[in-house]
Amino acid sequence: MNIADIKSVTDQLENHEMRILALEDKNKSTKVTNTITAGQQKQATITELIKGKKFKSGQEKIAVIVGYCEKILKLQPIREDDIKKNWVKGKFDGKYRSNIVERTSRDGLIRDIEDGTYDLSQSGESFFEDFIKNNDRQDKKRAE
C-alpha cells in the first residue's frame with residue numbers, strides 16, 4: 001500500500017466514525033411522542049409519562065416535571081406556576097410544596113436561572129434521559 005491508499009482509508013474511517021457518532025446522538029434523543037400519521041405527531045401527557053413509576057423523592061418528581069416542560073412541551077423559561085400546574089395534572093402523590101423546588105435546585109437536578117425560572121442542570125438532564133429510557137423499556141415489555 002502506498003501513502004495515498006493509506007490516506008484514503010483513514011479518511012474513510014474518520015467519515016464512518018463521524019456518521020456513527022451522529023447516529024448515536026440521534027438515538028439519545030429524549031423526544032417522547034407518538035407518530036399518528038406522516039408529519040403529524042401527538043405529545044405524551046405528563047400523566048402518561050409518569051404512569052406506573054415510583055419516585056424516591058419529591059426532588060425526582062420536580063426534575064421530571066421540569067424535564068417534561070423543557071424537552072417535550074418546549075417551554076422556556078419554566079416558572080414555578082408551570083411546575084405546580086403539571087404537578088396537579090400529573091396527579092403526583094402528596095401535596096405540592098414550593099420548598100421541594102428549592103431542594104431540587106440545591107440537589108443539582110434543576111437550575112434556578114433568575115426570577116423564579118428554572119431549567120434542567122446537566123445531572124438533571126441525565127436523570128431525565130434515564131427516566132425516559134426506563135419508560136421506553138417498560139412500554140416495550142407491556143407490548144410483548
# chains A, B, ... in the order shown; residues from 1 in each chain; ligands from 1
>>> residues_around(residues="Leu75 of chain A", least_positions_apart="5", cutoff="12 Å", atoms="only C-alpha atoms", output="VMD selection string")
chain A and resid 65 to 70 82 to 83 117 to 120
>>> write_last_selection(atoms="C-alpha atoms", output="mmCIF file, in the first residue's frame")
data_model
loop_
_atom_site.group_PDB
_atom_site.id
_atom_site.type_symbol
_atom_site.label_atom_id
_atom_site.label_comp_id
_atom_site.auth_asym_id
_atom_site.auth_seq_id
_atom_site.Cartn_x
_atom_site.Cartn_y
_atom_site.Cartn_z
ATOM 1 C CA ILE A 65 -41.814 17.871 35.586
ATOM 2 C CA VAL A 66 -39.108 20.368 34.598
ATOM 3 C CA GLY A 67 -37.748 17.871 32.038
ATOM 4 C CA TYR A 68 -41.247 17.372 30.637
ATOM 5 C CA CYS A 69 -41.787 21.131 30.342
ATOM 6 C CA GLU A 70 -38.361 21.734 28.801
ATOM 7 C CA ASP A 82 -45.749 25.679 35.291
ATOM 8 C CA ILE A 83 -44.248 23.190 37.724
ATOM 9 C CA THR A 117 -37.423 30.448 36.394
ATOM 10 C CA TYR A 118 -35.875 27.004 36.078
ATOM 11 C CA ASP A 119 -34.348 24.515 33.675
ATOM 12 C CA LEU A 120 -32.615 21.139 33.950
#
>>> closest_residue(among="A:Asn15, A:Ser126, A:Gln59, A:Gln76", to="Val101 of chain A", atoms="only C-alpha atoms")
A:Gln59
>>> select_by_dssp(residues="segment 70-118 of chain A", states="helix (DSSP H, G or I)", output="mmCIF file with C-alpha atoms, in the first residue's frame")
data_model
loop_
_atom_site.group_PDB
_atom_site.id
_atom_site.type_symbol
_atom_site.label_atom_id
_atom_site.label_comp_id
_atom_site.auth_asym_id
_atom_site.auth_seq_id
_atom_site.Cartn_x
_atom_site.Cartn_y
_atom_site.Cartn_z
ATOM 1 C CA GLU A 70 -38.361 21.734 28.801
ATOM 2 C CA LYS A 71 -37.940 18.750 26.496
ATOM 3 C CA ILE A 72 -41.474 17.818 25.500
ATOM 4 C CA GLU A 80 -42.876 27.697 39.342
ATOM 5 C CA ASP A 81 -46.511 28.054 38.208
ATOM 6 C CA ASP A 82 -45.749 25.679 35.291
ATOM 7 C CA ILE A 83 -44.248 23.190 37.724
ATOM 8 C CA LYS A 84 -47.243 23.422 40.060
ATOM 9 C CA LYS A 85 -49.772 23.043 37.195
ATOM 10 C CA ASN A 86 -48.014 19.915 35.945
ATOM 11 C CA TRP A 87 -47.813 18.501 39.477
ATOM 12 C CA VAL A 88 -51.612 18.744 39.611
ATOM 13 C CA LYS A 89 -52.098 17.495 36.018
ATOM 14 C CA SER A 98 -42.552 25.153 46.850
ATOM 15 C CA ASN A 99 -39.729 24.093 49.174
ATOM 16 C CA ILE A 100 -39.382 20.906 47.099
ATOM 17 C CA VAL A 101 -38.373 23.074 44.134
ATOM 18 C CA GLU A 102 -35.707 24.740 46.278
ATOM 19 C CA ARG A 103 -34.403 21.338 47.430
ATOM 20 C CA THR A 104 -34.321 20.073 43.844
ATOM 21 C CA SER A 105 -32.239 23.106 42.909
ATOM 22 C CA ARG A 106 -29.888 22.567 45.863
#
>>> select_by_dssp(residues="chain A", states="strand (DSSP E or B)", output="VMD selection string")
chain A and resid 33 to 37 40 to 43 78 to 79 110 to 114 117 to 120
>>> residues_around(residues="Ser121 of chain A", least_positions_apart="4", cutoff="8 Å", atoms="only C-alpha atoms", output="MDAnalysis selection string")
chainID A and resid 108:111 125
>>> atom_distance(atom1="atom CA of Pro77 of chain A", atom2="atom CA of Gly58 of chain A")
21.1 Å
